[in-house]
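Raw structure_26.cif, mmCIF, C-alpha atoms:
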data_input
#
loop_
_atom_site.group_PDB
_atom_site.id
_atom_site.type_symbol
_atom_site.label_atom_id
_atom_site.label_comp_id
_atom_site.auth_asym_id
_atom_site.auth_seq_id
_atom_site.Cartn_x
_atom_site.Cartn_y
_atom_site.Cartn_z
ATOM 1 C CA MET H 29 8.175 -23.834 -17.199
ATOM 2 C CA ALA H 30 9.293 -20.247 -16.843
ATOM 3 C CA ILE H 31 7.063 -17.885 -14.904
ATOM 4 C CA GLU H 32 7.911 -14.206 -14.664
ATOM 5 C CA VAL H 33 7.300 -12.853 -11.168
ATOM 6 C CA ARG H 34 7.035 -9.142 -10.428
ATOM 7 C CA VAL H 35 8.258 -8.412 -6.927
ATOM 8 C CA PRO H 36 7.071 -5.393 -4.896
ATOM 9 C CA THR H 37 9.546 -3.001 -3.281
ATOM 10 C CA ILE H 38 8.956 -4.409 0.187
ATOM 11 C CA LEU H 39 10.061 -7.930 -0.870
ATOM 12 C CA ARG H 40 13.059 -6.936 -2.964
ATOM 13 C CA SER H 41 15.363 -7.413 0.002
ATOM 14 C CA TYR H 42 14.862 -11.141 -0.688
ATOM 15 C CA THR H 43 15.663 -10.888 -4.385
ATOM 16 C CA GLY H 44 18.843 -8.832 -4.192
ATOM 17 C CA GLY H 45 16.885 -5.776 -5.290
ATOM 18 C CA SER H 46 15.446 -7.396 -8.404
ATOM 19 C CA LYS H 47 12.041 -6.184 -9.510
ATOM 20 C CA VAL H 48 11.418 -9.196 -11.732
ATOM 21 C CA VAL H 49 12.558 -12.747 -11.027
ATOM 22 C CA GLU H 50 11.937 -16.024 -12.772
ATOM 23 C CA GLY H 51 10.385 -19.048 -11.150
ATOM 24 C CA ALA H 52 8.936 -22.433 -12.005
ATOM 25 C CA GLY H 53 5.981 -24.536 -10.950
ATOM 26 C CA ASP H 54 2.646 -25.743 -12.249
ATOM 27 C CA THR H 55 0.700 -24.364 -9.288
ATOM 28 C CA LEU H 56 1.076 -21.240 -7.190
ATOM 29 C CA THR H 57 2.243 -23.382 -4.254
ATOM 30 C CA ALA H 58 4.967 -24.968 -6.383
ATOM 31 C CA LEU H 59 6.039 -21.568 -7.689
ATOM 32 C CA ILE H 60 6.275 -20.116 -4.169
ATOM 33 C CA ASP H 61 8.337 -23.124 -3.027
ATOM 34 C CA ASP H 62 10.647 -22.634 -5.994
ATOM 35 C CA LEU H 63 11.015 -18.921 -5.222
ATOM 36 C CA ASP H 64 11.687 -19.679 -1.564
ATOM 37 C CA ALA H 65 14.462 -22.088 -2.557
ATOM 38 C CA LYS H 66 16.128 -19.329 -4.575
ATOM 39 C CA HIS H 67 15.260 -16.445 -2.263
ATOM 40 C CA SER H 68 15.223 -17.747 1.270
ATOM 41 C CA GLY H 69 12.480 -16.324 3.459
ATOM 42 C CA PHE H 70 10.279 -15.260 0.560
ATOM 43 C CA LYS H 71 7.570 -17.806 1.327
ATOM 44 C CA GLY H 72 7.089 -16.588 4.884
ATOM 45 C CA ARG H 73 6.007 -13.202 3.588
ATOM 46 C CA LEU H 74 3.269 -14.674 1.393
ATOM 47 C CA ILE H 75 1.982 -17.648 3.366
ATOM 48 C CA THR H 76 0.697 -17.653 6.939
ATOM 49 C CA PRO H 77 2.046 -20.135 9.521
ATOM 50 C CA GLU H 78 -1.254 -22.012 9.028
ATOM 51 C CA GLY H 79 -0.429 -22.466 5.365
ATOM 52 C CA GLY H 80 -2.899 -20.050 3.767
ATOM 53 C CA LEU H 81 -2.289 -17.080 1.534
ATOM 54 C CA HIS H 82 -1.617 -14.012 3.637
ATOM 55 C CA ARG H 83 -4.745 -11.862 3.860
ATOM 56 C CA PHE H 84 -2.896 -8.640 3.047
ATOM 57 C CA VAL H 85 -0.833 -9.802 0.110
ATOM 58 C CA ASN H 86 -2.360 -9.746 -3.360
ATOM 59 C CA ILE H 87 -1.056 -12.211 -5.924
ATOM 60 C CA TYR H 88 -2.208 -12.054 -9.516
ATOM 61 C CA ILE H 89 -1.744 -14.499 -12.370
ATOM 62 C CA ASN H 90 -1.764 -12.446 -15.540
ATOM 63 C CA ASP H 91 -4.791 -10.193 -14.923
ATOM 64 C CA GLU H 92 -6.608 -12.202 -12.239
ATOM 65 C CA ASP H 93 -6.449 -12.154 -8.467
ATOM 66 C CA VAL H 94 -5.486 -15.712 -7.456
ATOM 67 C CA ARG H 95 -8.289 -15.668 -4.885
ATOM 68 C CA PHE H 96 -10.608 -16.142 -7.872
ATOM 69 C CA LEU H 97 -8.411 -18.890 -9.316
ATOM 70 C CA GLY H 98 -8.192 -21.322 -6.429
ATOM 71 C CA ALA H 99 -5.666 -19.369 -4.351
ATOM 72 C CA LEU H 100 -2.588 -21.542 -3.666
ATOM 73 C CA ASP H 101 -3.957 -24.294 -5.930
ATOM 74 C CA ALA H 102 -4.154 -21.904 -8.901
ATOM 75 C CA LYS H 103 -2.679 -23.501 -12.023
ATOM 76 C CA LEU H 104 0.255 -21.960 -13.832
ATOM 77 C CA ASN H 105 1.369 -22.331 -17.422
ATOM 78 C CA ASP H 106 4.675 -21.607 -19.107
ATOM 79 C CA GLY H 107 4.846 -17.909 -19.921
ATOM 80 C CA ASP H 108 2.378 -16.800 -17.267
ATOM 81 C CA SER H 109 3.159 -13.609 -15.448
ATOM 82 C CA VAL H 110 2.688 -13.386 -11.695
ATOM 83 C CA THR H 111 2.454 -10.051 -9.897
ATOM 84 C CA ILE H 112 2.728 -9.662 -6.122
ATOM 85 C CA LEU H 113 1.448 -6.478 -4.473
ATOM 86 C CA PRO H 114 1.113 -5.681 -0.786
ATOM 87 C CA ALA H 115 -2.546 -4.903 -0.100
ATOM 88 C CA VAL H 116 -3.048 -1.251 0.724
ATOM 89 C CA ALA H 117 -5.150 -1.283 3.854
ATOM 90 C CA GLY H 118 -5.449 0.166 7.317
ATOM 91 C CA GLY H 119 -7.788 2.356 9.274
ATOM 92 C CA ALA H 120 -8.662 3.705 12.664
ATOM 93 C CA LEU H 121 -9.811 0.372 14.046
ATOM 94 C CA GLY H 122 -7.428 -1.421 16.385
ATOM 95 C CA PHE H 123 -5.491 -4.250 14.768
ATOM 96 C CA ALA H 124 -7.002 -7.040 16.852
ATOM 97 C CA ALA H 125 -10.493 -5.748 16.156
ATOM 98 C CA ALA H 126 -9.704 -5.448 12.460
ATOM 99 C CA ALA H 127 -8.418 -9.008 12.390
ATOM 100 C CA ALA H 128 -11.592 -10.224 14.097
ATOM 101 C CA LEU H 129 -13.746 -8.251 11.668
ATOM 102 C CA LEU H 130 -11.913 -9.808 8.754
ATOM 103 C CA GLY H 131 -12.354 -13.248 10.183
ATOM 104 C CA ARG H 132 -8.785 -14.214 10.767
ATOM 105 C CA MET W 16 -2.265 15.427 22.364
ATOM 106 C CA ALA W 17 1.361 14.560 22.919
ATOM 107 C CA THR W 18 1.485 11.579 20.650
ATOM 108 C CA ALA W 19 4.777 9.800 20.784
ATOM 109 C CA ILE W 20 6.600 9.680 17.520
ATOM 110 C CA LEU W 21 8.850 6.689 17.271
ATOM 111 C CA GLY W 22 12.190 7.803 16.006
ATOM 112 C CA GLY W 23 13.304 5.914 12.938
ATOM 113 C CA GLY W 24 16.590 4.349 13.902
ATOM 114 C CA LYS W 25 17.342 3.160 10.421
ATOM 115 C CA SER W 26 18.096 5.213 7.410
ATOM 116 C CA HIS W 27 16.236 4.212 4.277
ATOM 117 C CA GLY W 28 17.999 6.277 1.714
ATOM 118 C CA ASN W 29 16.058 8.909 -0.108
ATOM 119 C CA VAL W 30 14.003 10.262 2.772
ATOM 120 C CA ASN W 31 13.646 14.009 2.797
ATOM 121 C CA ASN W 32 11.647 14.418 6.014
ATOM 122 C CA VAL W 33 9.272 16.734 4.223
ATOM 123 C CA LEU W 34 6.369 16.173 1.897
ATOM 124 C CA THR W 35 5.979 18.911 -0.674
ATOM 125 C CA ILE W 36 2.493 18.777 -2.119
ATOM 126 C CA ASP W 37 0.332 21.041 -4.205
ATOM 127 C CA ARG W 38 -2.600 22.751 -2.539
ATOM 128 C CA ALA W 39 -4.955 21.567 -5.311
ATOM 129 C CA ILE W 40 -4.104 17.957 -4.453
ATOM 130 C CA VAL W 41 -4.615 18.551 -0.730
ATOM 131 C CA ASP W 42 -7.997 20.104 -1.564
ATOM 132 C CA ALA W 43 -8.870 17.046 -3.663
ATOM 133 C CA ILE W 44 -7.950 14.702 -0.787
ATOM 134 C CA PHE W 45 -10.212 16.629 1.599
ATOM 135 C CA ALA W 46 -13.036 16.755 -0.951
ATOM 136 C CA HIS W 47 -12.808 12.966 -1.305
ATOM 137 C CA ALA W 48 -12.632 12.417 2.465
ATOM 138 C CA ARG W 49 -15.594 14.728 3.173
ATOM 139 C CA ARG W 50 -17.629 13.107 0.409
ATOM 140 C CA ASP W 51 -17.119 9.590 1.801
ATOM 141 C CA HIS W 52 -17.467 10.589 5.464
ATOM 142 C CA PRO W 53 -18.319 8.807 7.773
ATOM 143 C CA ASP W 54 -16.674 5.972 5.830
ATOM 144 C CA GLU W 55 -12.909 6.143 5.442
ATOM 145 C CA ALA W 56 -11.629 7.354 2.079
ATOM 146 C CA CYS W 57 -8.349 6.281 0.477
ATOM 147 C CA GLY W 58 -6.214 6.832 -2.575
ATOM 148 C CA VAL W 59 -2.817 7.378 -4.148
ATOM 149 C CA ILE W 60 -0.891 10.338 -5.489
ATOM 150 C CA ALA W 61 1.453 9.067 -8.152
ATOM 151 C CA GLY W 62 4.597 10.839 -9.289
ATOM 152 C CA PRO W 63 7.593 10.171 -11.516
ATOM 153 C CA VAL W 64 9.908 7.484 -10.132
ATOM 154 C CA GLY W 65 12.585 8.999 -7.913
ATOM 155 C CA SER W 66 11.106 12.519 -8.032
ATOM 156 C CA ASP W 67 9.403 12.434 -4.625
ATOM 157 C CA ALA W 68 6.820 14.703 -6.296
ATOM 158 C CA PRO W 69 3.159 13.737 -5.943
ATOM 159 C CA THR W 70 1.486 14.917 -9.138
ATOM 160 C CA ARG W 71 -1.328 12.581 -10.208
ATOM 161 C CA PHE W 72 -4.341 12.295 -7.893
ATOM 162 C CA ILE W 73 -5.976 8.846 -7.951
ATOM 163 C CA PRO W 74 -8.920 8.397 -5.574
ATOM 164 C CA MET W 75 -9.484 4.681 -4.901
ATOM 165 C CA ASP W 76 -12.533 2.729 -3.803
ATOM 166 C CA ASN W 77 -12.540 1.670 -0.190
ATOM 167 C CA SER W 78 -13.577 -1.929 -0.753
ATOM 168 C CA ALA W 79 -14.142 -2.318 3.013
ATOM 169 C CA ARG W 80 -16.722 0.536 2.965
ATOM 170 C CA SER W 81 -16.144 0.987 6.666
ATOM 171 C CA GLN W 82 -15.935 3.827 9.130
ATOM 172 C CA THR W 83 -12.888 2.249 10.744
ATOM 173 C CA PHE W 84 -11.094 0.320 8.004
ATOM 174 C CA TYR W 85 -9.989 0.785 4.423
ATOM 175 C CA GLN W 86 -8.632 -1.527 1.790
ATOM 176 C CA PHE W 87 -7.975 -0.913 -1.883
ATOM 177 C CA ASP W 88 -9.957 -3.155 -4.195
ATOM 178 C CA SER W 89 -7.401 -5.704 -5.425
ATOM 179 C CA MET W 90 -8.325 -5.453 -9.102
ATOM 180 C CA GLU W 91 -8.388 -1.657 -9.079
ATOM 181 C CA GLN W 92 -5.020 -1.707 -7.342
ATOM 182 C CA LEU W 93 -3.526 -3.962 -10.028
ATOM 183 C CA ARG W 94 -4.831 -1.666 -12.769
ATOM 184 C CA VAL W 95 -3.499 1.482 -11.086
ATOM 185 C CA TRP W 96 -0.113 -0.097 -10.191
ATOM 186 C CA ARG W 97 0.313 -1.258 -13.830
ATOM 187 C CA GLU W 98 -0.621 2.195 -15.052
ATOM 188 C CA MET W 99 2.028 3.714 -12.799
ATOM 189 C CA ASP W 100 4.577 1.170 -14.039
ATOM 190 C CA ASP W 101 3.766 2.020 -17.648
ATOM 191 C CA ASN W 102 4.124 5.748 -16.891
ATOM 192 C CA ASP W 103 7.382 5.326 -14.924
ATOM 193 C CA GLU W 104 5.526 6.487 -11.842
ATOM 194 C CA GLU W 105 5.384 5.241 -8.282
ATOM 195 C CA PRO W 106 2.993 5.746 -5.350
ATOM 196 C CA VAL W 107 4.563 8.858 -3.817
ATOM 197 C CA VAL W 108 1.651 9.367 -1.416
ATOM 198 C CA ILE W 109 -0.846 6.880 -0.016
ATOM 199 C CA TYR W 110 -3.635 8.714 1.768
ATOM 200 C CA HIS W 111 -6.621 7.762 3.871
ATOM 201 C CA SER W 112 -9.003 9.416 6.279
ATOM 202 C CA HIS W 113 -9.864 8.753 9.868
ATOM 203 C CA THR W 114 -13.403 9.904 10.432
ATOM 204 C CA ALA W 115 -13.721 9.948 14.236
ATOM 205 C CA THR W 116 -10.126 10.059 15.448
ATOM 206 C CA GLU W 117 -6.954 12.041 14.900
ATOM 207 C CA ALA W 118 -4.862 11.997 11.746
ATOM 208 C CA TYR W 119 -2.233 9.678 13.192
ATOM 209 C CA PRO W 120 -1.403 6.103 12.088
ATOM 210 C CA SER W 121 -3.240 3.420 14.059
ATOM 211 C CA ARG W 122 -1.688 0.081 14.979
ATOM 212 C CA THR W 123 -3.488 -1.313 11.951
ATOM 213 C CA ASP W 124 -2.006 1.355 9.671
ATOM 214 C CA ILE W 125 1.476 0.594 10.973
ATOM 215 C CA ASN W 126 1.161 -3.181 10.769
ATOM 216 C CA LEU W 127 -0.198 -3.145 7.239
ATOM 217 C CA ALA W 128 1.989 -0.441 5.715
ATOM 218 C CA GLY W 129 3.568 -2.121 2.687
ATOM 219 C CA GLU W 130 5.103 0.733 0.699
ATOM 220 C CA PRO W 131 8.297 1.803 2.484
ATOM 221 C CA GLY W 132 8.987 4.455 -0.156
ATOM 222 C CA ALA W 133 5.644 6.228 0.197
ATOM 223 C CA HIS W 134 4.526 9.159 2.293
ATOM 224 C CA TYR W 135 1.526 8.012 4.306
ATOM 225 C CA VAL W 136 -0.826 10.975 4.486
ATOM 226 C CA LEU W 137 -3.639 10.905 7.015
ATOM 227 C CA VAL W 138 -6.479 13.359 7.199
ATOM 228 C CA SER W 139 -9.215 13.534 9.796
ATOM 229 C CA THR W 140 -12.787 14.551 9.103
ATOM 230 C CA ARG W 141 -13.896 14.276 12.746
ATOM 231 C CA GLU W 142 -14.555 18.052 12.911
ATOM 232 C CA PRO W 143 -16.768 19.354 10.085
ATOM 233 C CA GLY W 144 -14.955 22.677 9.715
ATOM 234 C CA VAL W 145 -11.406 21.653 10.594
ATOM 235 C CA ASP W 146 -9.006 20.141 8.071
ATOM 236 C CA GLU W 147 -6.386 18.023 9.822
ATOM 237 C CA ILE W 148 -3.607 16.614 7.644
ATOM 238 C CA ARG W 149 -0.343 14.940 8.682
ATOM 239 C CA SER W 150 2.289 12.929 6.840
ATOM 240 C CA PHE W 151 4.382 9.973 7.954
ATOM 241 C CA ARG W 152 6.941 7.469 6.817
ATOM 242 C CA ILE W 153 6.124 3.972 7.984
ATOM 243 C CA VAL W 154 9.032 1.562 7.555
ATOM 244 C CA ASP W 155 9.354 -1.792 9.319
ATOM 245 C CA GLY W 156 6.867 -0.756 11.971
ATOM 246 C CA ALA W 157 8.619 2.543 12.728
ATOM 247 C CA VAL W 158 6.597 5.727 12.280
ATOM 248 C CA THR W 159 8.333 9.007 11.533
ATOM 249 C CA GLU W 160 6.254 12.128 11.184
ATOM 250 C CA GLU W 161 7.414 14.623 8.606
ATOM 251 C CA LYS W 162 6.614 18.211 7.785
ATOM 252 C CA ILE W 163 4.136 18.979 5.018
ATOM 253 C CA ASP W 164 4.925 21.853 2.721
ATOM 254 C CA ILE W 165 1.728 22.818 0.883
ATOM 255 C CA VAL W 166 2.582 24.851 -2.190
ATOM 256 C CA ASP W 167 0.542 26.831 -4.679
ATOM 257 C CA ALA W 168 2.052 25.529 -7.856
ATOM 258 C CA LYS W 169 0.388 25.485 -11.198
ATOM 259 C CA VAL W 170 -1.248 22.185 -11.992
ATOM 260 C CA ASP W 171 -2.470 20.642 -15.177
ATOM 261 C CA ALA W 172 -6.201 20.857 -14.809
#
What does this structure look like when you write it as structure tokens?
Amino acid sequence: MAIEVRVPTILRSYTGGSKVVEGAGDTLTALIDDLDAKHSGFKGRLITPEGGLHRFVNIYINDEDVRFLGALDAKLNDGDSVTILPAVAGGALGFAAAAALLGR
Amino acid sequence: MATAILGGGKSHGNVNNVLTIDRAIVDAIFAHARRDHPDEACGVIAGPVGSDAPTRFIPMDNSARSQTFYQFDSMEQLRVWREMDDNDEEPVVIYHSHTATEAYPSRTDINLAGEPGAHYVLVSTREPGVDEIRSFRIVDGAVTEEKIDIVDAKVDA
């Protein structure tokens, strides 16, 4: 059950600088738990304290955004490739107002 | 207009404290920002990995279509980031416009900045005839303004 995970620059401090790491799991949740066991702290950057996928992190399985695949319940198969990218977002609006606008 | 610039206490390696950028690319950023005004416009200038040279202009959709917020469309971002990977490029510049306020990172910009290696370029289109452009590093919540050197180099066009 090997899943290749592409790690963005901002999270490479957790992976000893590695751009690609290997993980295991048959769902995205299981994969993230596996990655967190190997790279402590990793999970906290992807999952909110409430247990949801962070609004400003994009995770893709092969060519699909996991938000279209059931988010944390998304199924994984041996050989899948997972890509993590920080969302590129911002703007003039104050952060609290932006958060309210985005419904979080 | 004395906006405080938070001094970056940490060193993050290859930071030159200046963004050198071609005038044709700056013109393209302003053309994009004026076209989308009053909505915010956003995009990337890619360049060869490690070069610190922004060479390929990539305007992106603002999926938020907002006058006060921007966000890259996640699928377009994946496509563009893969393209850069395949070309041995990286996002040298990430730009966006503010359409009613100054070209300075907002709290939102600082909190959401996820590319510590990029120059964050802000332009403002609040004045129709005035082009405001400024460049920043945003690393771990610390904003450092840097000089912009606009050069008239030849470009592939």
Got a sec to resolve the PyMOL selection byres ((chain H and resi 111-118) around 6) on this structure and send the residues as a PyMOL selection string?
-> (chain H and resi 33-36+84-88+110+119) or (chain W and resi 84-87+123-124+129)
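Remark: for chain H, the closest of the candidate residues W:Ala79, W:Ile60, W:Val166, W:Val41 is W:Ala79 (distances computed over all atoms listed in the file).
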Between CA of Ala118 in chain W and CA of Thr83 in chain W, what is the distance, to one decimal in Å?
->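 CA of Thr83 in chain W lies at a distance of 12.7 Å from CA of Ala118 in chain W.
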Residues within 9 Å of Pro106 in chain W, only C-alpha atoms, excluding chain neighbours under 2 positions, as a ChimeraX atom specification | /W:59-64,69,96,99,104,108-109,130,132-134
Writing out the chosen residues with C-alpha atoms as an mmCIF file, in the frame of the given file:
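Everything below was put into part_19.cif:
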data_model
loop_
_atom_site.group_PDB
_atom_site.id
_atom_site.type_symbol
_atom_site.label_atom_id
_atom_site.label_comp_id
_atom_site.auth_asym_id
_atom_site.auth_seq_id
_atom_site.Cartn_x
_atom_site.Cartn_y
_atom_site.Cartn_z
ATOM 1 C CA VAL W 59 -2.817 7.378 -4.148
ATOM 2 C CA ILE W 60 -0.891 10.338 -5.489
ATOM 3 C CA ALA W 61 1.453 9.067 -8.152
ATOM 4 C CA GLY W 62 4.597 10.839 -9.289
ATOM 5 C CA PRO W 63 7.593 10.171 -11.516
ATOM 6 C CA VAL W 64 9.908 7.484 -10.132
ATOM 7 C CA PRO W 69 3.159 13.737 -5.943
ATOM 8 C CA TRP W 96 -0.113 -0.097 -10.191
ATOM 9 C CA MET W 99 2.028 3.714 -12.799
ATOM 10 C CA GLU W 104 5.526 6.487 -11.842
ATOM 11 C CA VAL W 108 1.651 9.367 -1.416
ATOM 12 C CA ILE W 109 -0.846 6.880 -0.016
ATOM 13 C CA GLU W 130 5.103 0.733 0.699
ATOM 14 C CA GLY W 132 8.987 4.455 -0.156
ATOM 15 C CA ALA W 133 5.644 6.228 0.197
ATOM 16 C CA HIS W 134 4.526 9.159 2.293
#
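Candidate residues W:Ala168, W:Val95, W:Ala115, W:Val136 were compared for distance to chain H, and the nearest is W:Ala115, using all atoms listed in the file.
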On this file, the PyMOL selection byres ((chain H and resi 92-100) around 10) gives some set of residues; write that set as a ChimeraX atom specification.
-> /H:55-60,75,79-81,86-91,101-103,110-112 /W:89-90,93
Distance CA of Arg71 in chain W-CA of Leu34 in chain W, one decimal place?
->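 Separation between CA of Arg71 in chain W and CA of Leu34 in chain W: 14.8 Å.
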Tell me which residues the PyMOL selection byres ((chain W and resi 143) around 12) grabs here, as a ChimeraX atom specification.
-> /W:45-46,48-50,52-53,114-115,139-142,144-147
Report the distance between CA of Ser46 in chain H and CA of Glu91 in chain W in Å, rounded to one decimal place.
-> 24.5 Å
Between H:Gly69, H:Pro77, H:Gly44, H:Gly53, which one has atoms that come closest to Ala30 in chain H, using only C-alpha atoms?
-> H:Gly53
Using all atoms listed in the file, which of the listed residues (H:Thr43, H:Thr76, H:Asn105, H:Thr37) sits closest to chain W?
->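 Comparing H:Thr43, H:Thr76, H:Asn105, H:Thr37 against chain W, the winner is H:Thr37.
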Go through W:Ala56, W:Ile36, W:Leu127, W:Ile165 one by one, measure the shortest atom-to-atom distance of each to chain H using all atoms listed in the file, and give the residue with the smallest value.
->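 The closest residue to chain H is W:Leu127.
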For Leu63 in chain H, please output as a ChimeraX atom specification all residues within 9 Å (counting all atoms listed in the file; exclusion window: fewer than 4 positions along the same chain).
-> /H:49-52,58-59,67-68,70-71
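Distances from W:Ile148, W:Ala128, W:Leu137, W:Val33 to Cys57 in chain W were compared using only C-alpha atoms, and the smallest one belongs to W:Leu137.
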